[in-house]
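Trainee: Enclosed is the structure file target-v6.txt (compact mmCIF, C-alpha atoms and all ligand atoms).
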# COMPACT_ATOMS: atom_id res chain seq x y z
CA MET P 269 19.10 104.20 8.81
CA ALA P 270 20.80 101.85 11.28
CA GLU P 271 18.97 98.59 11.91
CA THR P 272 20.08 98.30 15.51
CA GLN P 273 18.16 100.32 18.02
CA ASP P 274 20.04 103.18 19.57
CA GLN P 275 19.15 103.34 23.29
CA THR P 276 18.88 107.11 23.11
CA GLN P 277 16.27 107.03 20.34
CA SER P 278 12.65 107.69 21.21
CA VAL P 279 10.43 108.16 18.15
CA VAL P 280 11.80 107.23 14.74
CA LEU P 281 9.96 107.96 11.50
CA ASP P 282 11.45 106.21 8.52
CA GLY P 283 10.22 107.27 5.07
CA VAL P 284 6.69 107.94 6.35
CA THR P 285 4.11 109.02 3.77
CA LYS P 286 0.41 109.66 4.27
CA ARG P 287 -1.95 109.95 1.30
CA PHE P 288 -5.60 110.90 1.46
CA ASP P 289 -6.78 109.55 -1.92
CA SER P 290 -4.37 111.18 -4.36
CA PHE P 291 -3.42 114.02 -1.97
CA VAL P 292 -0.05 113.60 -0.25
CA ALA P 293 -0.36 115.14 3.23
CA VAL P 294 2.99 113.83 4.53
CA ASP P 295 5.70 113.04 2.03
CA ASP P 296 8.54 110.59 2.77
CA LEU P 297 9.25 111.96 6.23
CA SER P 298 12.24 110.68 8.21
CA LEU P 299 12.96 111.95 11.73
CA GLU P 300 14.85 110.64 14.74
CA LEU P 301 13.85 111.99 18.12
CA SER P 302 15.99 111.46 21.20
CA ARG P 303 14.60 110.33 24.53
CA GLY P 304 13.65 113.24 26.74
CA GLU P 305 13.70 115.67 23.86
CA PHE P 306 11.21 118.54 23.43
CA PHE P 307 10.68 118.22 19.70
CA THR P 308 8.44 120.59 17.77
CA LEU P 309 6.77 120.17 14.40
CA LEU P 310 6.37 123.73 13.14
CA GLY P 311 4.75 124.93 9.95
CA PRO P 312 1.79 126.71 8.37
CA SER P 313 -1.73 125.37 8.32
CA GLY P 314 -2.05 122.28 6.15
CA CYS P 315 1.67 121.38 6.07
CA GLY P 316 1.04 117.97 7.63
CA LYS P 317 1.99 118.51 11.30
CA THR P 318 -1.19 117.12 12.81
CA THR P 319 -1.27 114.18 10.40
CA THR P 320 2.30 113.32 11.46
CA LEU P 321 1.35 113.50 15.14
CA ARG P 322 -1.78 111.41 14.54
CA MET P 323 0.32 108.72 12.85
CA ILE P 324 2.67 108.58 15.86
CA ALA P 325 -0.39 108.35 18.15
CA GLY P 326 -1.97 105.62 16.01
CA PHE P 327 -5.08 107.59 14.95
CA GLU P 328 -3.91 107.45 11.33
CA ARG P 329 -2.04 104.70 9.48
CA PRO P 330 0.90 105.65 7.27
CA SER P 331 0.44 104.86 3.58
CA ALA P 332 4.14 103.95 3.51
CA GLY P 333 7.11 103.92 5.86
CA GLU P 334 7.71 102.81 9.41
CA ILE P 335 7.24 104.36 12.85
CA ARG P 336 9.23 103.01 15.79
CA ILE P 337 8.87 104.06 19.40
CA GLU P 338 11.74 103.10 21.66
CA GLY P 339 12.76 100.45 19.17
CA ASP P 340 9.37 98.85 18.55
CA ASP P 341 7.55 99.02 15.23
CA VAL P 342 4.14 100.31 16.32
CA ALA P 343 2.29 99.72 13.03
CA ALA P 344 0.06 97.02 14.46
CA LEU P 345 -0.73 98.81 17.72
CA PRO P 346 -3.94 100.83 18.24
CA PRO P 347 -3.57 104.19 20.06
CA HIS P 348 -4.31 102.83 23.55
CA LYS P 349 -1.63 100.13 23.20
CA ARG P 350 1.09 102.63 22.26
CA PRO P 351 3.35 104.17 24.92
CA THR P 352 1.98 107.57 23.96
CA ASN P 353 -0.66 109.98 25.20
CA THR P 354 -2.08 112.96 23.36
CA VAL P 355 -3.07 116.41 24.58
CA PHE P 356 -5.41 118.17 22.13
CA GLN P 357 -6.25 121.81 21.66
CA SER P 358 -9.82 121.08 22.80
CA TYR P 359 -9.36 119.79 26.32
CA ALA P 360 -11.95 117.00 25.88
CA LEU P 361 -12.71 116.70 29.60
CA PHE P 362 -15.77 114.97 31.02
CA PRO P 363 -17.95 117.87 32.21
CA HIS P 364 -19.84 115.80 34.81
CA LEU P 365 -16.67 114.53 36.50
CA SER P 366 -14.49 116.38 38.98
CA VAL P 367 -10.92 117.35 38.11
CA GLU P 368 -9.66 114.41 40.15
CA ALA P 369 -12.04 111.93 38.49
CA ASN P 370 -11.09 113.21 35.05
CA VAL P 371 -7.41 112.59 35.77
CA ALA P 372 -8.12 109.20 37.39
CA PHE P 373 -10.36 108.01 34.54
CA GLY P 374 -7.76 106.12 32.48
CA LEU P 375 -6.17 104.46 35.50
CA LYS P 376 -9.56 103.23 36.75
CA ARG P 377 -10.26 101.64 33.37
CA LYS P 378 -6.92 99.90 33.58
CA LYS P 379 -7.96 98.60 37.01
CA VAL P 380 -5.04 100.19 38.82
CA GLY P 381 -5.37 99.88 42.62
CA LYS P 382 -7.27 102.62 44.49
CA ASP P 383 -4.35 103.80 46.60
CA GLU P 384 -2.01 103.95 43.65
CA ILE P 385 -4.58 105.93 41.65
CA ALA P 386 -4.98 108.41 44.51
CA GLU P 387 -1.23 108.83 44.81
CA ARG P 388 -0.55 109.20 41.09
CA VAL P 389 -3.45 111.62 40.56
CA ALA P 390 -2.31 113.76 43.49
CA THR P 391 1.25 113.84 42.13
CA GLU P 392 0.12 115.02 38.70
CA LEU P 393 -2.36 117.59 40.01
CA LYS P 394 0.41 119.02 42.16
CA ARG P 395 2.75 119.06 39.17
CA VAL P 396 0.32 121.13 37.10
CA GLY P 397 -0.58 123.42 40.01
CA LEU P 398 -4.14 122.17 40.57
CA ALA P 399 -3.82 120.35 43.91
CA ALA P 400 -6.37 122.70 45.47
CA ASP P 401 -8.89 122.26 42.62
CA ALA P 402 -9.29 118.48 42.72
CA ASN P 403 -13.00 118.56 43.54
CA ARG P 404 -14.06 121.25 41.08
CA ARG P 405 -15.82 120.60 37.78
CA PRO P 406 -14.25 121.58 34.43
CA SER P 407 -16.93 124.26 33.89
CA GLN P 408 -15.70 126.00 37.04
CA LEU P 409 -12.18 126.30 35.62
CA SER P 410 -10.56 128.73 33.18
CA GLY P 411 -9.33 127.50 29.78
CA GLY P 412 -5.75 127.41 31.02
CA MET P 413 -6.75 125.37 34.07
CA GLN P 414 -8.73 122.94 31.93
CA GLN P 415 -5.69 122.40 29.74
CA ARG P 416 -3.66 121.67 32.88
CA VAL P 417 -6.21 119.00 33.79
CA ALA P 418 -5.84 117.51 30.31
CA LEU P 419 -2.06 117.54 30.77
CA ALA P 420 -2.30 115.83 34.18
CA ARG P 421 -4.68 113.25 32.70
CA ALA P 422 -2.10 112.42 30.03
CA LEU P 423 0.92 112.39 32.35
CA VAL P 424 -0.76 110.18 34.95
CA ASN P 425 -0.52 107.28 32.46
CA LEU P 426 3.29 107.61 32.51
CA PRO P 427 3.62 107.66 28.71
CA LYS P 428 7.06 107.37 27.15
CA VAL P 429 6.08 110.01 24.63
CA LEU P 430 3.62 112.86 25.10
CA LEU P 431 2.06 114.21 21.91
CA LEU P 432 0.70 117.75 22.07
CA ASP P 433 -1.39 119.18 19.22
CA GLU P 434 -1.51 122.98 19.49
CA PRO P 435 -2.40 122.59 23.19
CA LEU P 436 -2.25 126.33 23.88
CA GLY P 437 -4.03 127.36 20.67
CA ALA P 438 -7.33 128.23 22.33
CA LEU P 439 -5.80 130.39 25.06
CA ASP P 440 -5.19 134.12 25.01
CA LEU P 441 -1.69 135.41 24.42
CA LYS P 442 -0.74 136.21 28.03
CA LEU P 443 -1.95 132.89 29.37
CA ARG P 444 -0.22 131.08 26.52
CA LYS P 445 3.12 132.69 27.34
CA GLY P 446 2.81 131.64 30.98
CA LEU P 447 1.87 128.08 30.09
CA GLN P 448 4.74 127.81 27.58
CA VAL P 449 7.23 128.33 30.39
CA GLU P 450 5.38 125.93 32.62
CA LEU P 451 5.08 123.20 29.99
CA LYS P 452 8.81 123.38 29.43
CA ARG P 453 9.43 123.09 33.19
CA ILE P 454 7.09 120.09 33.41
CA GLN P 455 8.79 118.43 30.44
CA ARG P 456 12.20 118.77 32.13
CA GLU P 457 10.78 117.48 35.37
CA VAL P 458 9.13 114.34 33.93
CA GLY P 459 11.99 113.82 31.46
CA ILE P 460 9.89 112.17 28.74
CA THR P 461 9.85 112.96 25.03
CA PHE P 462 7.40 115.70 24.03
CA VAL P 463 6.31 115.99 20.39
CA TYR P 464 4.71 119.39 20.08
CA VAL P 465 2.72 120.69 17.11
CA THR P 466 2.37 124.43 16.55
CA HIS P 467 2.16 127.01 13.78
CA ASP P 468 3.52 129.65 16.18
CA GLN P 469 7.20 130.23 15.53
CA GLU P 470 7.76 132.13 18.76
CA GLU P 471 6.26 129.30 20.77
CA ALA P 472 8.50 126.82 18.95
CA LEU P 473 11.63 128.91 19.54
CA THR P 474 10.82 129.36 23.24
CA MET P 475 10.10 125.78 24.15
CA SER P 476 11.88 123.35 21.87
CA ASP P 477 15.14 121.46 22.06
CA ARG P 478 14.82 120.95 18.31
CA ILE P 479 12.40 122.12 15.66
CA ALA P 480 11.37 120.46 12.39
CA VAL P 481 10.06 123.13 10.01
CA MET P 482 7.49 121.57 7.67
CA ASN P 483 6.22 122.79 4.32
CA HIS P 484 3.80 120.93 2.05
CA GLY P 485 4.23 117.61 3.87
CA ARG P 486 8.01 117.72 3.90
CA VAL P 487 10.60 118.77 6.44
CA GLU P 488 12.75 121.67 5.23
CA GLN P 489 15.04 121.94 8.25
CA VAL P 490 15.59 120.15 11.55
CA ALA P 491 17.77 122.03 14.01
CA VAL P 492 18.00 123.67 17.42
CA PRO P 493 16.03 126.94 17.70
CA GLU P 494 19.12 129.18 17.44
CA GLU P 495 20.17 127.52 14.21
CA VAL P 496 16.73 127.60 12.63
CA TYR P 497 16.58 131.33 13.38
CA ASP P 498 20.17 132.35 12.68
CA ARG P 499 20.93 129.95 9.85
CA PRO P 500 17.69 128.99 8.09
CA SER P 501 18.38 126.59 5.25
CA THR P 502 15.78 127.77 2.74
CA THR P 503 13.83 130.88 1.77
CA PHE P 504 10.71 129.26 3.23
CA VAL P 505 12.30 128.67 6.66
CA ALA P 506 13.81 132.17 6.65
CA GLY P 507 10.38 133.65 5.92
CA PHE P 508 8.41 131.45 8.27
CA ILE P 509 10.69 131.97 11.27
CA GLY P 510 10.72 135.70 11.74
CA VAL P 511 10.64 138.41 9.14
CA SER P 512 11.62 137.46 5.62
CA ASN P 513 14.63 139.70 4.93
CA LEU P 514 15.84 138.19 1.68
CA MET P 515 18.17 139.88 -0.81
CA PRO P 516 18.41 138.11 -4.19
CA ALA P 517 21.98 137.18 -5.02
CA SER P 518 24.18 134.71 -6.85
CA VAL P 519 27.27 132.82 -5.85
CA ALA P 520 30.23 134.66 -7.40
CA GLY P 521 32.83 132.07 -6.41
CA THR P 522 33.96 130.09 -3.39
CA GLY P 523 33.19 132.23 -0.34
CA GLN P 524 31.87 135.12 -2.45
CA VAL P 525 28.30 136.24 -3.03
CA ARG P 526 27.19 139.02 -5.32
CA LEU P 527 23.98 140.76 -4.29
CA ASP P 528 21.72 141.83 -7.14
CA GLN P 529 22.17 145.26 -5.55
CA GLY P 530 25.76 145.11 -6.79
CA GLN P 531 27.94 144.39 -3.75
CA THR P 532 30.19 141.36 -3.54
CA ILE P 533 30.40 140.00 0.00
CA ALA P 534 32.58 137.31 1.56
CA THR P 535 30.44 134.62 3.17
CA SER P 536 30.24 130.84 3.40
CA THR P 537 29.02 129.30 0.14
CA ALA P 538 29.32 125.69 1.31
CA GLY P 539 26.80 123.53 -0.53
CA PHE P 540 26.34 126.07 -3.33
CA ALA P 541 27.81 126.00 -6.84
CA GLU P 542 29.39 128.96 -8.55
CA GLY P 543 26.76 130.99 -10.41
CA GLN P 544 23.89 129.48 -8.38
CA ARG P 545 21.01 131.79 -7.55
CA CYS P 546 20.37 132.27 -3.84
CA HIS P 547 19.14 134.81 -1.29
CA ALA P 548 21.19 136.58 1.36
CA VAL P 549 19.44 136.75 4.75
CA VAL P 550 20.09 139.30 7.50
CA ARG P 551 17.76 139.34 10.50
CA PRO P 552 16.02 142.70 11.25
CA GLU P 553 17.75 143.24 14.60
CA LYS P 554 21.18 142.77 12.99
CA LEU P 555 20.72 145.66 10.55
CA ARG P 556 21.91 149.21 11.21
CA VAL P 557 20.23 152.12 9.50
CA GLU P 558 21.93 155.37 8.64
CA LEU P 559 20.49 158.48 7.01
CA LEU P 560 22.21 159.37 3.73
CA ASP P 561 22.76 163.02 3.06
CA GLY P 562 22.83 162.64 -0.70
CA ALA P 563 26.47 161.66 -1.02
CA GLY P 564 25.73 157.92 -1.16
CA GLY P 565 27.61 155.08 0.50
CA THR P 566 31.24 154.15 0.11
CA ASP P 567 32.31 151.10 -1.85
CA ALA P 568 34.79 150.12 0.83
CA ASP P 569 31.99 149.24 3.21
CA GLN P 570 30.58 146.34 1.28
CA THR P 571 28.11 144.93 3.74
CA ARG P 572 25.85 147.80 2.95
CA VAL P 573 22.89 148.49 0.69
CA GLU P 574 20.89 151.63 0.03
CA GLY P 575 17.17 152.23 -0.14
CA ILE P 576 14.21 154.44 0.69
CA VAL P 577 12.31 154.25 3.98
CA GLU P 578 8.78 153.06 3.26
CA SER P 579 7.43 153.18 6.77
CA SER P 580 8.49 153.53 10.36
CA LEU P 581 6.38 151.85 13.02
CA TYR P 582 6.61 152.45 16.77
CA LEU P 583 6.20 149.07 18.52
CA GLY P 584 6.84 150.13 22.10
CA THR P 585 10.05 148.24 22.83
CA ALA P 586 11.40 148.78 19.31
CA THR P 587 10.91 150.73 16.11
CA GLN P 588 10.36 148.77 12.92
CA ILE P 589 11.54 150.42 9.73
CA ALA P 590 10.69 149.03 6.28
CA VAL P 591 13.20 149.94 3.59
CA ASP P 592 12.61 149.52 -0.15
CA LEU P 593 15.86 148.53 -1.87
CA GLY P 594 14.28 148.64 -5.33
CA GLY P 595 13.53 145.72 -7.64
CA GLY P 596 10.78 144.50 -5.31
CA VAL P 597 13.20 143.87 -2.41
CA ARG P 598 12.04 145.09 0.97
CA MET P 599 14.06 144.85 4.17
CA THR P 600 12.81 145.26 7.72
CA VAL P 601 15.01 146.81 10.40
CA LEU P 602 14.26 146.50 14.11
CA ILE P 603 15.85 149.07 16.38
CA PRO P 604 15.41 148.83 20.17
CA ASN P 605 13.89 151.96 21.69
CA ALA P 606 16.57 152.21 24.35
CA ASP P 607 17.12 155.94 24.08
CA GLU P 608 14.32 158.39 23.30
CA ALA P 609 16.62 161.03 21.75
CA GLU P 610 18.09 158.37 19.46
CA ARG P 611 14.63 157.18 18.50
CA GLN P 612 13.65 160.73 17.55
CA ARG P 613 16.59 160.82 15.15
CA LEU P 614 15.54 157.68 13.27
CA PRO P 615 14.76 158.31 9.58
CA GLY P 616 11.10 158.65 8.64
CA GLY P 617 9.13 157.75 5.51
CA GLY P 618 10.77 158.81 2.22
CA ALA P 619 14.28 159.19 3.68
CA ARG P 620 17.20 157.80 1.73
CA VAL P 621 19.16 155.41 3.97
CA ALA P 622 21.98 152.91 4.01
CA LEU P 623 21.59 149.55 5.72
CA SER P 624 24.71 147.86 7.00
CA TRP P 625 25.55 144.74 9.00
CA GLU P 626 28.45 142.68 10.26
CA PRO P 627 29.49 140.09 7.65
CA GLU P 628 28.96 137.23 10.11
CA HIS P 629 25.28 138.20 10.43
CA MET P 630 24.58 137.45 6.78
CA HIS P 631 24.27 134.03 5.24
CA ILE P 632 22.80 132.59 2.08
CA VAL P 633 19.81 130.32 1.62
CA SER P 634 18.53 128.35 -1.33
CA GLU P 635 15.09 128.59 -2.87
CA SER P 636 12.64 126.33 -1.02
CA PRO P 637 12.30 123.03 -2.93
CA ASN P 638 8.68 122.76 -1.78
CA GLY P 639 7.38 126.17 -2.84
CA GLU P 640 6.78 129.16 -0.67
CA GLY P 641 3.22 128.34 0.40
CA ALA P 642 1.88 131.80 -0.39
CA GLN P 643 -1.62 131.08 0.87
CA GLU P 644 -0.31 129.61 4.10
CA LYS P 645 1.92 132.60 4.63
CA GLN P 646 -1.07 134.85 4.16
CA ASP P 647 -2.95 132.76 6.71
CA LEU P 648 0.01 133.02 9.04
CA GLU P 649 0.17 136.79 8.77
CA THR P 650 -3.53 136.91 9.60
CA THR P 651 -2.96 134.61 12.57
CA ARG P 652 -0.14 136.83 13.81
CA GLU P 653 -2.33 139.91 13.49
CA VAL P 654 -5.12 138.23 15.40
CA ASP P 655 -2.59 137.13 18.04
CA ALA P 656 -1.23 140.65 18.32
CA ASN P 657 -4.74 141.87 19.05
CA ALA P 658 -5.49 139.15 21.56
P1 LIG V 1 -3.46 122.66 10.81
O1 LIG V 1 -2.60 123.37 11.79
O2 LIG V 1 -4.34 123.57 10.02
O3 LIG V 1 -4.19 121.48 11.38
P2 LIG V 1 -1.52 120.82 9.78
O4 LIG V 1 -0.15 121.20 9.37
O5 LIG V 1 -1.66 120.14 11.09
O6 LIG V 1 -2.45 122.07 9.71
P3 LIG V 1 -2.81 118.53 8.70
O7 LIG V 1 -4.02 118.62 9.60
O8 LIG V 1 -1.81 117.49 9.00
O9 LIG V 1 -2.09 119.93 8.62
O10 LIG V 1 -3.32 118.36 7.21
C1 LIG V 1 -2.42 118.25 6.12
C2 LIG V 1 -3.22 118.19 4.86
O11 LIG V 1 -3.92 116.95 4.79
C3 LIG V 1 -4.28 119.28 4.73
O12 LIG V 1 -4.31 119.75 3.40
C4 LIG V 1 -5.55 118.56 5.09
O13 LIG V 1 -6.65 119.15 4.41
C5 LIG V 1 -5.29 117.15 4.61
N1 LIG V 1 -6.03 116.17 5.42
C6 LIG V 1 -5.85 115.95 6.74
N2 LIG V 1 -6.68 114.97 7.18
C7 LIG V 1 -7.39 114.57 6.10
C8 LIG V 1 -8.41 113.57 5.87
N3 LIG V 1 -8.84 112.80 6.87
N4 LIG V 1 -8.89 113.46 4.63
C9 LIG V 1 -8.44 114.22 3.62
N5 LIG V 1 -7.49 115.17 3.75
C10 LIG V 1 -6.97 115.34 4.97
Written as structure tokens, that's how I'd like the structure from this file.

Mentor:
Amino acid sequence: MAETQDQTQSVVLDGVTKRFDSFVAVDDLSLELSRGEFFTLLGPSGCGKTTTLRMIAGFERPSAGEIRIEGDDVAALPPHKRPTNTVFQSYALFPHLSVEANVAFGLKRKKVGKDEIAERVATELKRVGLAADANRRPSQLSGGMQQRVALARALVNLPKVLLLDEPLGALDLKLRKGLQVELKRIQREVGITFVYVTHDQEEALTMSDRIAVMNHGRVEQVAVPEEVYDRPSTTFVAGFIGVSNLMPASVAGTGQVRLDQGQTIATSTAGFAEGQRCHAVVRPEKLRVELLDGAGGTDADQTRVEGIVESSLYLGTATQIAVDLGGGVRMTVLIPNADEAERQRLPGGGARVALSWEPEHMHIVSESPNGEGAQEKQDLETTREVDANA
């Protein structure tokens, strides 16, 4: 890493490791965040997101490595001396103080002048849409409103970096969606760096400029949302972001991949060696499904595999079809319910079908070097189910 400070850099983590006794929670993590960036740490429970955030905030000390904020090594600084503020999932407001007094609290302790406090508090309450609620108590506010107070309380200190640890985690789905949009607007407006921790892939895709996908204390991919979704780098990222549509394959030669299903398909094999095992990924909405009448598919159309429909699920806006390709490989297809007559014609359970896709919608990923985190994935599925019911 360059020794000279780049003026566009905000938070820099250089080889940061955190051990709790012999357990490695964060493992040799290096990240460079730009100023004004909305940067998300995304991953399953226990992957080390919160520990990373707490080290940036100063609540935890790294066991090794360096953290710099706008060029300064912050190792020796306690949390309140760092140019950061943290918003937690639990709003941690003073119940006996008004909204206004809660937001003013930190400035009063810093002995900021009365007029300036009044002005800055008013600005932030307006920003978060609570100008009319300044005299209310936290108990008189909804969860979403309380989190806005917590946000105003953090922003009023004019931090260079705002750290947010699952701030919308306690809110119901509808409220969360609304606040996601608003948080993004506020971040653009204030123009400071946001470091956002979430296990919710949709939230990360919606809000972030860049996402770091973490697994077992390590980062598996850092990229803009479109890239993480369209071109995941490992089987873990492909499975964590969206539905895991992975077809086992091996690299047949430069630019050629042979699916275990038998087809050889032209695709980029950059970074892979000939003969290397890999998985081909195609996202559910990029797959077409076609009923086979017994004749089978043609060899000419190579971006095509055959299987048996396991289930067909009506989701309102789309129909989700699970297709068993054999050999333990299961693909999910998502078809928008744009036309009712078309939907009626979709193949049902037990039907023999062909799946096809445009070659540019397939790419290959390597096995995750950090394991697949089966337990975490199970937890994640449960979380998604609970979310869906919220
Ligand atoms: P979650 O969303 O569930 O909080 P996370 O990705 O934020 O997950 P961390 O809270 O960073 O994960 O925890 C990473 C790992 O470190 C976990 O296995 C956790 O049990 C462990 N850990 C965190 N804090 C401590 C601690 N103070 N002592 C011992 N182990 C800890």

Trainee: Produce the centre coordinates and the three edge lengths, each in Å to one decimal, of the box along x, y and z that contains all listed atoms of ligand LIG 1 (chain V) with 8 Å added on each side, as JSON.

Mentor:
{"center_x": -4.5, "center_y": 118.2, "center_z": 7.6, "size_x": 24.7, "size_y": 26.8, "size_z": 24.4}

Trainee: Rounded to one decimal, what separation in Å do you get between atom CA of P:Glu635 and atom CA of P:Ser501?

Mentor: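 Pair atom CA of P:Glu635 / atom CA of P:Ser501 returns 9.0 Å.
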
Trainee: Between P:Ser636, P:Asn425, P:Ser512, P:Thr571, single out the one closest to P:Thr535, counting only C-alpha atoms.

Mentor: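 Using only C-alpha atoms, the shortest distance to P:Thr535 belongs to P:Thr571.
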
Trainee: Near P:Ile632, within 12 Å and counting all atoms listed in the file, which residues show up once chain neighbours fewer than 4 positions away are dropped, as a VMD selection string?

Mentor: chain P and resid 498 to 503 506 513 to 519 523 to 527 533 to 540 544 to 551 627 to 628

Trainee: Hey, what's within 9 Å of P:Gly311 if we count all atoms listed in the file and toss same-chain stuff fewer than 4 positions away? As an MDAnalysis selection string, please?

Mentor: chainID P and resid 315:317 465:469 480:484 508
